[in-house]
$ cat data_11.cif   # mmCIF, C-alpha atoms
data_target
#
loop_
_atom_site.group_PDB
_atom_site.id
_atom_site.type_symbol
_atom_site.label_atom_id
_atom_site.label_comp_id
_atom_site.auth_asym_id
_atom_site.auth_seq_id
_atom_site.Cartn_x
_atom_site.Cartn_y
_atom_site.Cartn_z
ATOM 1 C CA MET A 8 -0.586 -3.094 27.882
ATOM 2 C CA SER A 9 -2.368 -2.217 24.651
ATOM 3 C CA LYS A 10 -0.165 -1.591 21.630
ATOM 4 C CA THR A 11 -0.647 0.686 18.612
ATOM 5 C CA ALA A 12 0.057 0.259 14.917
ATOM 6 C CA PHE A 13 0.042 3.025 12.313
ATOM 7 C CA LEU A 14 -1.222 1.915 8.883
ATOM 8 C CA PHE A 15 -0.606 3.440 5.443
ATOM 9 C CA PRO A 16 -2.947 2.878 2.464
ATOM 10 C CA GLY A 17 -2.145 1.618 -1.010
ATOM 11 C CA GLN A 18 -3.318 2.220 -4.539
ATOM 12 C CA GLY A 19 -7.086 2.448 -4.925
ATOM 13 C CA SER A 20 -7.455 4.862 -2.004
ATOM 14 C CA GLN A 21 -6.640 7.906 -4.150
ATOM 15 C CA ALA A 22 -9.308 10.554 -4.751
ATOM 16 C CA VAL A 23 -9.243 14.025 -6.269
ATOM 17 C CA GLY A 24 -9.076 16.534 -3.417
ATOM 18 C CA MET A 25 -7.044 14.331 -1.104
ATOM 19 C CA GLY A 26 -4.646 16.298 1.075
ATOM 20 C CA GLN A 27 -6.185 19.641 0.121
ATOM 21 C CA SER A 28 -7.614 20.452 3.555
ATOM 22 C CA LEU A 29 -4.289 19.497 5.144
ATOM 23 C CA ALA A 30 -2.419 21.868 2.832
ATOM 24 C CA ALA A 31 -4.914 24.667 3.420
ATOM 25 C CA ASN A 32 -4.591 24.463 7.194
ATOM 26 C CA PHE A 33 -1.050 23.341 8.042
ATOM 27 C CA ALA A 34 2.379 24.560 6.982
ATOM 28 C CA ALA A 35 3.816 21.119 7.838
ATOM 29 C CA ALA A 36 1.559 19.501 5.222
ATOM 30 C CA ARG A 37 2.415 22.121 2.600
ATOM 31 C CA ALA A 38 6.098 21.422 3.192
ATOM 32 C CA VAL A 39 5.583 17.716 2.425
ATOM 33 C CA PHE A 40 3.674 18.426 -0.799
ATOM 34 C CA ASP A 41 6.301 20.974 -1.879
ATOM 35 C CA GLU A 42 9.082 18.454 -1.232
ATOM 36 C CA VAL A 43 7.368 15.748 -3.280
ATOM 37 C CA ASP A 44 6.686 18.211 -6.103
ATOM 38 C CA ALA A 45 10.353 19.219 -6.124
ATOM 39 C CA ALA A 46 11.603 15.623 -6.004
ATOM 40 C CA LEU A 47 9.505 14.678 -9.025
ATOM 41 C CA GLY A 48 9.890 17.943 -10.931
ATOM 42 C CA GLN A 49 6.112 17.998 -11.270
ATOM 43 C CA LYS A 50 3.257 19.866 -9.596
ATOM 44 C CA LEU A 51 1.807 16.597 -8.313
ATOM 45 C CA SER A 52 0.012 18.431 -5.511
ATOM 46 C CA ALA A 53 -2.116 20.331 -8.050
ATOM 47 C CA LEU A 54 -3.111 17.016 -9.633
ATOM 48 C CA MET A 55 -4.021 15.653 -6.191
ATOM 49 C CA PHE A 56 -6.117 18.673 -5.260
ATOM 50 C CA GLU A 57 -7.759 19.419 -8.614
ATOM 51 C CA GLY A 58 -7.466 16.348 -10.845
ATOM 52 C CA PRO A 59 -8.222 15.291 -13.476
ATOM 53 C CA GLU A 60 -9.019 11.918 -11.965
ATOM 54 C CA ASP A 61 -7.763 9.888 -14.923
ATOM 55 C CA GLN A 62 -4.299 11.442 -14.497
ATOM 56 C CA LEU A 63 -4.247 11.009 -10.729
ATOM 57 C CA THR A 64 -5.204 7.334 -11.127
ATOM 58 C CA LEU A 65 -2.176 6.605 -13.327
ATOM 59 C CA THR A 66 0.094 4.317 -11.328
ATOM 60 C CA ALA A 67 3.128 6.598 -11.641
ATOM 61 C CA ASN A 68 1.122 9.483 -10.116
ATOM 62 C CA ALA A 69 -1.089 7.652 -7.630
ATOM 63 C CA GLN A 70 1.798 5.978 -5.812
ATOM 64 C CA PRO A 71 3.819 9.071 -4.803
ATOM 65 C CA ALA A 72 0.590 11.044 -4.305
ATOM 66 C CA LEU A 73 -0.778 8.608 -1.741
ATOM 67 C CA MET A 74 2.566 8.581 0.054
ATOM 68 C CA ALA A 75 2.553 12.394 0.148
ATOM 69 C CA VAL A 76 -0.838 12.521 1.872
ATOM 70 C CA SER A 77 0.196 9.869 4.396
ATOM 71 C CA LEU A 78 3.405 11.685 5.280
ATOM 72 C CA ALA A 79 1.580 15.003 5.432
ATOM 73 C CA VAL A 80 -0.666 13.486 8.116
ATOM 74 C CA ILE A 81 2.390 12.298 10.071
ATOM 75 C CA ARG A 82 4.144 15.676 9.838
ATOM 76 C CA VAL A 83 1.002 17.529 10.941
ATOM 77 C CA LEU A 84 0.574 15.163 13.887
ATOM 78 C CA GLU A 85 4.175 15.884 14.848
ATOM 79 C CA ALA A 86 3.742 19.650 14.525
ATOM 80 C CA GLU A 87 0.242 20.036 16.007
ATOM 81 C CA LYS A 88 -0.074 17.126 18.407
ATOM 82 C CA GLY A 89 3.529 16.567 19.444
ATOM 83 C CA LEU A 90 3.561 13.068 17.963
ATOM 84 C CA ASP A 91 6.748 11.067 18.454
ATOM 85 C CA LEU A 92 6.166 7.995 16.315
ATOM 86 C CA ALA A 93 8.880 6.049 18.111
ATOM 87 C CA LYS A 94 6.891 6.424 21.346
ATOM 88 C CA ALA A 95 3.355 6.410 19.950
ATOM 89 C CA ALA A 96 3.645 3.355 17.686
ATOM 90 C CA ASN A 97 4.780 -0.162 18.384
ATOM 91 C CA PHE A 98 4.625 -1.111 14.702
ATOM 92 C CA VAL A 99 3.897 0.430 11.312
ATOM 93 C CA ALA A 100 2.567 -1.304 8.198
ATOM 94 C CA GLY A 101 1.536 -0.254 4.720
ATOM 95 C CA HIS A 102 -0.454 -1.924 1.951
ATOM 96 C CA SER A 103 1.733 -2.411 -1.148
ATOM 97 C CA LEU A 104 3.064 1.096 -1.967
ATOM 98 C CA GLY A 105 1.960 1.997 1.570
ATOM 99 C CA GLU A 106 4.941 0.020 2.824
ATOM 100 C CA TYR A 107 7.124 2.795 1.402
ATOM 101 C CA SER A 108 4.998 5.355 3.261
ATOM 102 C CA ALA A 109 5.431 3.348 6.461
ATOM 103 C CA LEU A 110 9.205 3.269 5.962
ATOM 104 C CA ALA A 111 9.315 7.022 5.367
ATOM 105 C CA ALA A 112 7.173 7.688 8.439
ATOM 106 C CA ALA A 113 9.528 5.512 10.489
ATOM 107 C CA GLY A 114 12.590 7.359 9.237
ATOM 108 C CA ALA A 115 14.047 4.544 7.125
ATOM 109 C CA LEU A 116 13.687 6.638 3.956
ATOM 110 C CA THR A 117 13.489 10.370 3.336
ATOM 111 C CA ILE A 118 10.327 11.750 1.757
ATOM 112 C CA TRP A 119 12.401 12.951 -1.202
ATOM 113 C CA GLU A 120 13.873 9.512 -1.876
ATOM 114 C CA THR A 121 10.547 7.768 -1.287
ATOM 115 C CA ALA A 122 8.854 9.948 -3.904
ATOM 116 C CA LYS A 123 11.567 9.154 -6.444
ATOM 117 C CA LEU A 124 11.425 5.417 -5.697
ATOM 118 C CA LEU A 125 7.652 5.337 -6.039
ATOM 119 C CA ARG A 126 7.781 7.153 -9.379
ATOM 120 C CA ILE A 127 10.286 4.548 -10.619
ATOM 121 C CA ARG A 128 8.124 1.767 -9.176
ATOM 122 C CA GLY A 129 4.966 3.088 -10.804
ATOM 123 C CA ASP A 130 6.614 3.521 -14.205
ATOM 124 C CA ALA A 131 8.245 0.086 -14.009
ATOM 125 C CA MET A 132 5.049 -1.684 -13.006
ATOM 126 C CA GLN A 133 3.118 -0.008 -15.819
ATOM 127 C CA ALA A 134 5.790 -0.912 -18.387
ATOM 128 C CA ALA A 135 6.241 -4.542 -17.279
ATOM 129 C CA VAL A 136 3.244 -5.896 -19.217
ATOM 130 C CA PRO A 137 1.720 -4.483 -22.433
ATOM 131 C CA VAL A 138 -1.663 -2.849 -21.859
ATOM 132 C CA GLY A 139 -4.484 -5.331 -22.329
ATOM 133 C CA GLN A 140 -2.444 -8.463 -21.641
ATOM 134 C CA GLY A 141 -2.818 -8.445 -17.858
ATOM 135 C CA ALA A 142 -5.744 -8.085 -15.477
ATOM 136 C CA MET A 143 -6.811 -8.415 -11.839
ATOM 137 C CA CYS A 144 -10.039 -9.469 -10.168
ATOM 138 C CA ALA A 145 -11.462 -9.342 -6.670
ATOM 139 C CA LEU A 146 -13.127 -12.343 -5.079
ATOM 140 C CA ILE A 147 -15.597 -11.222 -2.412
ATOM 141 C CA GLY A 148 -16.644 -13.917 0.016
ATOM 142 C CA ALA A 149 -13.617 -16.155 -0.551
ATOM 143 C CA GLU A 150 -10.809 -17.003 1.838
ATOM 144 C CA TRP A 151 -7.205 -17.490 0.743
ATOM 145 C CA GLU A 152 -7.372 -21.275 0.356
ATOM 146 C CA LEU A 153 -10.350 -21.158 -2.016
ATOM 147 C CA ALA A 154 -8.842 -18.258 -3.953
ATOM 148 C CA ALA A 155 -5.576 -20.168 -4.405
ATOM 149 C CA GLU A 156 -7.526 -23.193 -5.659
ATOM 150 C CA ILE A 157 -9.398 -21.011 -8.164
ATOM 151 C CA ALA A 158 -6.112 -19.461 -9.330
ATOM 152 C CA ARG A 159 -4.566 -22.883 -9.926
ATOM 153 C CA GLU A 160 -7.571 -24.059 -11.951
ATOM 154 C CA ALA A 161 -7.720 -20.867 -13.982
ATOM 155 C CA ALA A 162 -4.027 -20.686 -14.901
ATOM 156 C CA GLN A 163 -3.981 -23.275 -17.721
ATOM 157 C CA ASN A 164 -0.380 -22.502 -18.678
ATOM 158 C CA GLU A 165 -0.850 -18.794 -18.053
ATOM 159 C CA VAL A 166 -0.147 -16.754 -14.924
ATOM 160 C CA CYS A 167 -2.861 -16.474 -12.289
ATOM 161 C CA ASP A 168 -1.498 -15.568 -8.855
ATOM 162 C CA VAL A 169 -2.986 -14.571 -5.508
ATOM 163 C CA ALA A 170 -1.984 -10.902 -5.359
ATOM 164 C CA ASN A 171 -3.639 -9.583 -2.188
ATOM 165 C CA ASP A 172 -5.086 -11.412 0.793
ATOM 166 C CA ASN A 173 -6.859 -8.428 2.310
ATOM 167 C CA GLY A 174 -9.003 -10.195 4.886
ATOM 168 C CA GLY A 175 -12.702 -9.844 5.455
ATOM 169 C CA GLY A 176 -13.297 -12.440 2.747
ATOM 170 C CA GLN A 177 -11.617 -10.336 0.041
ATOM 171 C CA VAL A 178 -8.830 -11.826 -2.052
ATOM 172 C CA VAL A 179 -7.410 -10.384 -5.285
ATOM 173 C CA LEU A 180 -6.042 -12.444 -8.179
ATOM 174 C CA SER A 181 -3.628 -11.134 -10.807
ATOM 175 C CA GLY A 182 -2.158 -12.419 -14.072
ATOM 176 C CA HIS A 183 -2.870 -12.864 -17.767
ATOM 177 C CA LYS A 184 -6.241 -11.484 -18.839
ATOM 178 C CA GLY A 185 -7.440 -14.847 -20.143
ATOM 179 C CA ALA A 186 -6.599 -16.543 -16.865
ATOM 180 C CA ILE A 187 -8.351 -13.837 -14.857
ATOM 181 C CA ASP A 188 -11.459 -14.127 -17.052
ATOM 182 C CA ARG A 189 -11.469 -17.876 -16.392
ATOM 183 C CA ALA A 190 -10.961 -17.301 -12.670
ATOM 184 C CA ILE A 191 -14.060 -15.110 -12.514
ATOM 185 C CA GLU A 192 -16.197 -17.828 -14.109
ATOM 186 C CA ILE A 193 -14.698 -20.581 -11.927
ATOM 187 C CA ALA A 194 -15.289 -18.481 -8.808
ATOM 188 C CA LYS A 195 -18.943 -17.996 -9.713
ATOM 189 C CA ALA A 196 -19.327 -21.724 -10.316
ATOM 190 C CA LYS A 197 -17.809 -22.433 -6.894
ATOM 191 C CA GLY A 198 -20.342 -20.165 -5.186
ATOM 192 C CA VAL A 199 -18.109 -17.182 -4.454
ATOM 193 C CA LYS A 200 -20.386 -14.287 -3.498
ATOM 194 C CA ARG A 201 -18.916 -11.846 -6.016
ATOM 195 C CA ALA A 202 -16.117 -12.072 -8.584
ATOM 196 C CA LEU A 203 -15.427 -8.880 -10.461
ATOM 197 C CA PRO A 204 -12.663 -7.472 -12.655
ATOM 198 C CA LEU A 205 -10.735 -4.527 -11.206
ATOM 199 C CA PRO A 206 -10.154 -1.263 -13.094
ATOM 200 C CA VAL A 207 -6.358 -1.486 -13.045
ATOM 201 C CA SER A 208 -3.789 -0.892 -15.751
ATOM 202 C CA ALA A 209 -1.468 -3.843 -15.039
ATOM 203 C CA PRO A 210 -1.380 -7.237 -13.228
ATOM 204 C CA PHE A 211 0.234 -6.037 -10.006
ATOM 205 C CA HIS A 212 1.761 -8.445 -7.483
ATOM 206 C CA SER A 213 2.024 -11.312 -9.949
ATOM 207 C CA SER A 214 5.017 -13.039 -11.499
ATOM 208 C CA LEU A 215 4.358 -10.993 -14.655
ATOM 209 C CA MET A 216 5.827 -8.049 -12.720
ATOM 210 C CA GLN A 217 9.336 -9.574 -12.759
ATOM 211 C CA PRO A 218 10.727 -6.835 -15.077
ATOM 212 C CA ALA A 219 9.503 -4.254 -12.552
ATOM 213 C CA ALA A 220 11.092 -6.203 -9.705
ATOM 214 C CA ASP A 221 14.401 -6.178 -11.583
ATOM 215 C CA ARG A 222 14.121 -2.406 -12.076
ATOM 216 C CA MET A 223 13.372 -1.896 -8.384
ATOM 217 C CA ARG A 224 16.340 -4.043 -7.402
ATOM 218 C CA GLU A 225 18.538 -1.573 -9.306
ATOM 219 C CA ALA A 226 16.806 1.486 -7.838
ATOM 220 C CA LEU A 227 16.831 0.202 -4.278
ATOM 221 C CA ALA A 228 20.500 -0.807 -4.505
ATOM 222 C CA GLY A 229 21.347 2.877 -4.619
ATOM 223 C CA ALA A 230 18.831 3.991 -2.005
ATOM 224 C CA ALA A 231 19.946 5.064 1.462
ATOM 225 C CA ILE A 232 17.845 2.917 3.782
ATOM 226 C CA ARG A 233 18.294 3.353 7.524
ATOM 227 C CA ALA A 234 17.024 1.222 10.388
ATOM 228 C CA PRO A 235 13.437 2.367 11.085
ATOM 229 C CA LYS A 236 12.675 3.809 14.504
ATOM 230 C CA VAL A 237 9.579 1.578 14.602
ATOM 231 C CA PRO A 238 9.476 -2.031 13.268
ATOM 232 C CA VAL A 239 7.833 -2.241 9.836
ATOM 233 C CA VAL A 240 5.575 -5.229 9.115
ATOM 234 C CA ALA A 241 6.601 -6.356 5.624
ATOM 235 C CA ASN A 242 3.901 -7.361 3.136
ATOM 236 C CA VAL A 243 5.692 -10.477 1.945
ATOM 237 C CA LEU A 244 6.481 -11.727 5.462
ATOM 238 C CA ALA A 245 3.460 -10.678 7.515
ATOM 239 C CA ALA A 246 6.101 -10.052 10.198
ATOM 240 C CA PRO A 247 8.262 -7.078 11.235
ATOM 241 C CA VAL A 248 11.661 -6.137 9.842
ATOM 242 C CA THR A 249 14.192 -3.554 11.009
ATOM 243 C CA ASP A 250 17.396 -4.506 9.166
ATOM 244 C CA PRO A 251 17.997 -2.161 6.198
ATOM 245 C CA GLU A 252 19.276 -4.923 3.914
ATOM 246 C CA ALA A 253 16.273 -7.119 4.713
ATOM 247 C CA ILE A 254 13.982 -4.149 3.996
ATOM 248 C CA ARG A 255 15.698 -3.608 0.641
ATOM 249 C CA ARG A 256 15.294 -7.290 -0.264
ATOM 250 C CA HIS A 257 11.647 -7.522 0.766
ATOM 251 C CA LEU A 258 10.705 -4.381 -1.180
ATOM 252 C CA VAL A 259 11.989 -6.110 -4.323
ATOM 253 C CA GLU A 260 10.148 -9.331 -3.484
ATOM 254 C CA GLN A 261 6.974 -7.340 -2.845
ATOM 255 C CA VAL A 262 6.652 -6.352 -6.525
ATOM 256 C CA THR A 263 5.875 -9.930 -7.593
ATOM 257 C CA GLY A 264 4.797 -11.323 -4.212
ATOM 258 C CA SER A 265 1.455 -11.445 -2.441
ATOM 259 C CA VAL A 266 0.390 -8.656 -0.100
ATOM 260 C CA ARG A 267 -0.304 -10.716 3.024
ATOM 261 C CA TRP A 268 -2.436 -8.073 4.701
ATOM 262 C CA ARG A 269 -4.836 -10.376 6.557
ATOM 263 C CA GLU A 270 -1.925 -12.297 8.063
ATOM 264 C CA SER A 271 -0.164 -9.029 8.921
ATOM 265 C CA MET A 272 -3.193 -7.815 10.887
ATOM 266 C CA ILE A 273 -3.543 -11.178 12.621
ATOM 267 C CA TRP A 274 0.152 -11.046 13.575
ATOM 268 C CA LEU A 275 -0.279 -7.558 15.001
ATOM 269 C CA GLY A 276 -3.339 -8.630 16.986
ATOM 270 C CA ALA A 277 -1.535 -11.698 18.301
ATOM 271 C CA ASN A 278 1.290 -9.427 19.462
ATOM 272 C CA GLY A 279 -0.888 -7.120 21.503
ATOM 273 C CA VAL A 280 -1.990 -4.446 19.021
ATOM 274 C CA THR A 281 -5.551 -3.288 19.684
ATOM 275 C CA ARG A 282 -5.352 0.280 18.339
ATOM 276 C CA PHE A 283 -4.925 0.982 14.642
ATOM 277 C CA ILE A 284 -4.405 4.456 13.163
ATOM 278 C CA GLU A 285 -4.700 4.762 9.381
ATOM 279 C CA CYS A 286 -2.804 7.760 8.001
ATOM 280 C CA GLY A 287 -3.732 9.010 4.555
ATOM 281 C CA SER A 288 -6.488 8.927 1.986
ATOM 282 C CA GLY A 289 -9.368 6.490 2.499
ATOM 283 C CA LYS A 290 -10.647 4.324 5.313
ATOM 284 C CA VAL A 291 -10.227 0.800 3.954
ATOM 285 C CA LEU A 292 -7.348 -0.371 6.148
ATOM 286 C CA ALA A 293 -9.014 0.718 9.392
ATOM 287 C CA GLY A 294 -12.035 -1.400 8.530
ATOM 288 C CA LEU A 295 -9.944 -4.443 7.635
ATOM 289 C CA ALA A 296 -7.968 -4.146 10.877
ATOM 290 C CA LYS A 297 -11.130 -4.039 12.999
ATOM 291 C CA ARG A 298 -12.399 -7.165 11.252
ATOM 292 C CA ALA A 299 -9.130 -9.017 11.752
ATOM 293 C CA VAL A 300 -8.540 -8.155 15.420
ATOM 294 C CA ALA A 301 -11.486 -8.680 17.732
ATOM 295 C CA GLY A 302 -12.096 -5.854 20.185
ATOM 296 C CA SER A 303 -9.740 -3.459 18.437
ATOM 297 C CA GLU A 304 -10.345 0.204 17.671
ATOM 298 C CA ALA A 305 -9.358 1.910 14.446
ATOM 299 C CA THR A 306 -9.189 5.544 13.352
ATOM 300 C CA SER A 307 -8.658 7.010 9.873
ATOM 301 C CA LEU A 308 -6.815 10.333 9.545
ATOM 302 C CA GLY A 309 -6.981 11.912 6.121
ATOM 303 C CA SER A 310 -8.250 15.454 6.564
ATOM 304 C CA ALA A 311 -7.569 18.526 8.695
ATOM 305 C CA ASP A 312 -10.651 17.822 10.820
ATOM 306 C CA ASP A 313 -9.531 14.216 11.385
ATOM 307 C CA VAL A 314 -6.098 15.321 12.551
ATOM 308 C CA LEU A 315 -7.352 18.131 14.766
ATOM 309 C CA GLY A 316 -9.760 15.726 16.464
ATOM 310 C CA PHE A 317 -7.127 13.056 17.047
ATOM 311 C CA GLN A 318 -6.232 12.231 20.639
#

$ encode --input "data_11.cif" --output "structure tokens"
Amino acid sequence: MSKTAFLFPGQGSQAVGMGQSLAANFAAARAVFDEVDAALGQKLSALMFEGPEDQLTLTANAQPALMAVSLAVIRVLEAEKGLDLAKAANFVAGHSLGEYSALAAAGALTIWETAKLLRIRGDAMQAAVPVGQGAMCALIGAEWELAAEIAREAAQNEVCDVANDNGGGQVVLSGHKGAIDRAIEIAKAKGVKRALPLPVSAPFHSSLMQPAADRMREALAGAAIRAPKVPVVANVLAAPVTDPEAIRRHLVEQVTGSVRWRESMIWLGANGVTRFIECGSGKVLAGLAKRAVAGSEATSLGSADDVLGFQ
């Protein structure tokens, strides 16, 4: 029997206007945005709907904003389509901050607490490394093994880590700016199709994020985490977890660890998942899932029309 996984996007999928059609059409979506606004003491929904883009892109805003859109989709599916995630999904997974969205969708965290945790996470990640000292780059047309080799060569006593293994020949490196600059040149010399710096404000998912990991260990220690009603595929494991203490531990490890997205999709495919449903802003994860799992189908739900057309 075919299995289904619900996917939740990470940073980079944000766009001004996201969630606006959901809020305009569904009370269930408005309730999510109101709850997130109240949790943060900020009219984040207005920033999502109207911008400005440079403020929405700030890590501390983008992370809870993307979660809010994802959970708005889930709540609208529940209200309009009778969705019961425990019956409709065999697994859930989220890319980086999307793992928090997945946990909230699966009932392991409340939306209120998730918003607060993501604000702390965003602030801590931004503060971990002084602006200008860290950087990230994307290698297009490189598999993990080659990317890891390039990272090792580029480090030269600085940090250069594999941050994201997204699949489809896309791997992201993260670390000191000098090391990332060297990695780009080494990648070009090794024949990588494209090697380009990313417009990010900090070296996410690298060992330079250890101060942020320490801050999240403190924040998560006080968080009420319940067993999810659907297994959550953890980024750092590329395998499912359901134990609340394991979830807490892996969320801390995720701050400095690699997002093993390609392996996560392969694991899901190997365990019978052939239908992927991306909930939230953007369509990146649906495309990556289809590439990773032959013969699979993938749908992206980010607007009122998407949700109303969902079967």

$ resolve_selection --input "data_11.cif" --expression "the PyMOL selection byres ((chain A and resi 116-133) around 8)" --output "ChimeraX atom specification"
/A:39,42-43,46-47,66-68,70-71,74-75,78,104,107-108,110-115,134-136,208-209,211,216,218-219,222-223,226-227,230-233

$ closest_residue --input "data_11.cif" --among "A:Glu225, A:Glu192, A:Glu152, A:Glu260" --to "Ser213 in chain A" --atoms "all atoms listed in the file"
A:Glu260

$ resolve_selection --input "data_11.cif" --expression "the PyMOL selection byres ((chain A and resi 273-275) around 12)" --output "ChimeraX atom specification"
/A:9-14,96-100,172-175,238-242,244-247,267-272,276-283,295-301,303

$ residues_around --input "data_11.cif" --residues "Gln27 in chain A" --least-positions-apart "3" --cutoff "10 Å" --atoms "only C-alpha atoms" --output "list in words"
Val23, Gly24, Ala30, Ala31, Asn32, Ala36, Arg37, Phe40, Ser52, Ala53, Met55, Phe56, Glu57, Val76, Gly309, Ser310 and Ala311 of chain A

$ atom_distance --input "data_11.cif" --atom1 "CA of Leu146 in chain A" --atom2 "CA of Leu203 in chain A"
6.8 Å

$ residues_around --input "data_11.cif" --residues "Arg159 in chain A" --least-positions-apart "3" --cutoff "12 Å" --atoms "all atoms listed in the file" --output "PDB file with C-alpha atoms, keeping the file's coordinate frame"
ATOM      1  CA  GLU A 152      -7.372 -21.275   0.356  1.00  0.00           C
ATOM      2  CA  LEU A 153     -10.350 -21.158  -2.016  1.00  0.00           C
ATOM      3  CA  ALA A 154      -8.842 -18.258  -3.953  1.00  0.00           C
ATOM      4  CA  ALA A 155      -5.576 -20.168  -4.405  1.00  0.00           C
ATOM      5  CA  GLU A 156      -7.526 -23.193  -5.659  1.00  0.00           C
ATOM      6  CA  ALA A 162      -4.027 -20.686 -14.901  1.00  0.00           C
ATOM      7  CA  GLN A 163      -3.981 -23.275 -17.721  1.00  0.00           C
ATOM      8  CA  ASN A 164      -0.380 -22.502 -18.678  1.00  0.00           C
ATOM      9  CA  GLU A 165      -0.850 -18.794 -18.053  1.00  0.00           C
ATOM     10  CA  VAL A 166      -0.147 -16.754 -14.924  1.00  0.00           C
ATOM     11  CA  CYS A 167      -2.861 -16.474 -12.289  1.00  0.00           C
ATOM     12  CA  ASP A 168      -1.498 -15.568  -8.855  1.00  0.00           C
ATOM     13  CA  VAL A 169      -2.986 -14.571  -5.508  1.00  0.00           C
ATOM     14  CA  LEU A 180      -6.042 -12.444  -8.179  1.00  0.00           C
ATOM     15  CA  SER A 181      -3.628 -11.134 -10.807  1.00  0.00           C
ATOM     16  CA  GLY A 182      -2.158 -12.419 -14.072  1.00  0.00           C
ATOM     17  CA  ALA A 186      -6.599 -16.543 -16.865  1.00  0.00           C
ATOM     18  CA  ILE A 187      -8.351 -13.837 -14.857  1.00  0.00           C
ATOM     19  CA  ARG A 189     -11.469 -17.876 -16.392  1.00  0.00           C
ATOM     20  CA  ALA A 190     -10.961 -17.301 -12.670  1.00  0.00           C
ATOM     21  CA  ILE A 193     -14.698 -20.581 -11.927  1.00  0.00           C
ATOM     22  CA  ALA A 194     -15.289 -18.481  -8.808  1.00  0.00           C
TER      23      ALA A 194
END

$ residues_near_point --input "data_11.cif" --point "(4.3, -9.6, -9.3)" --cutoff "8 Å" --atoms "only C-alpha atoms" --output "PDB file with C-alpha atoms, keeping the file's coordinate frame"
ATOM      1  CA  ALA A 170      -1.984 -10.902  -5.359  1.00  0.00           C
ATOM      2  CA  PRO A 210      -1.380  -7.237 -13.228  1.00  0.00           C
ATOM      3  CA  PHE A 211       0.234  -6.037 -10.006  1.00  0.00           C
ATOM      4  CA  HIS A 212       1.761  -8.445  -7.483  1.00  0.00           C
ATOM      5  CA  SER A 213       2.024 -11.312  -9.949  1.00  0.00           C
ATOM      6  CA  SER A 214       5.017 -13.039 -11.499  1.00  0.00           C
ATOM      7  CA  LEU A 215       4.358 -10.993 -14.655  1.00  0.00           C
ATOM      8  CA  MET A 216       5.827  -8.049 -12.720  1.00  0.00           C
ATOM      9  CA  GLN A 217       9.336  -9.574 -12.759  1.00  0.00           C
ATOM     10  CA  ALA A 220      11.092  -6.203  -9.705  1.00  0.00           C
ATOM     11  CA  GLN A 261       6.974  -7.340  -2.845  1.00  0.00           C
ATOM     12  CA  VAL A 262       6.652  -6.352  -6.525  1.00  0.00           C
ATOM     13  CA  THR A 263       5.875  -9.930  -7.593  1.00  0.00           C
ATOM     14  CA  GLY A 264       4.797 -11.323  -4.212  1.00  0.00           C
ATOM     15  CA  SER A 265       1.455 -11.445  -2.441  1.00  0.00           C
TER      16      SER A 265
END

$ resolve_selection --input "data_11.cif" --expression "the PyMOL selection byres ((chain A and resi 313-317) around 12)" --output "JSON, numbers by chain"
{"A": [26, 28, 29, 32, 33, 36, 77, 79, 80, 81, 82, 83, 84, 85, 86, 87, 88, 89, 90, 284, 285, 286, 287, 288, 289, 290, 305, 306, 307, 308, 309, 310, 311, 312, 318]}

$ axis_aligned_box --input "data_11.cif" --around "range 158-163 of chain A" --padding-each-side "4 Å" --output "lines of an AutoDock Vina configuration file"
center_x = -5.9
center_y = -21.8
center_z = -13.5
size_x = 11.7
size_y = 12.6
size_z = 16.4

$ closest_residue --input "data_11.cif" --among "A:Val266, A:Ala228, A:Met8, A:Val179" --to "Ala202 in chain A" --atoms "only C-alpha atoms"
A:Val179

$ atom_distance --input "data_11.cif" --atom1 "CA of Arg201 in chain A" --atom2 "CA of Pro16 in chain A"
23.3 Å

$ atom_distance --input "data_11.cif" --atom1 "CA of Ala35 in chain A" --atom2 "CA of Phe15 in chain A"
18.4 Å

$ closest_residue --input "data_11.cif" --among "A:Gly101, A:Ala72, A:Gly58, A:Ala145" --to "Ala293 in chain A" --atoms "all atoms listed in the file"
A:Gly101
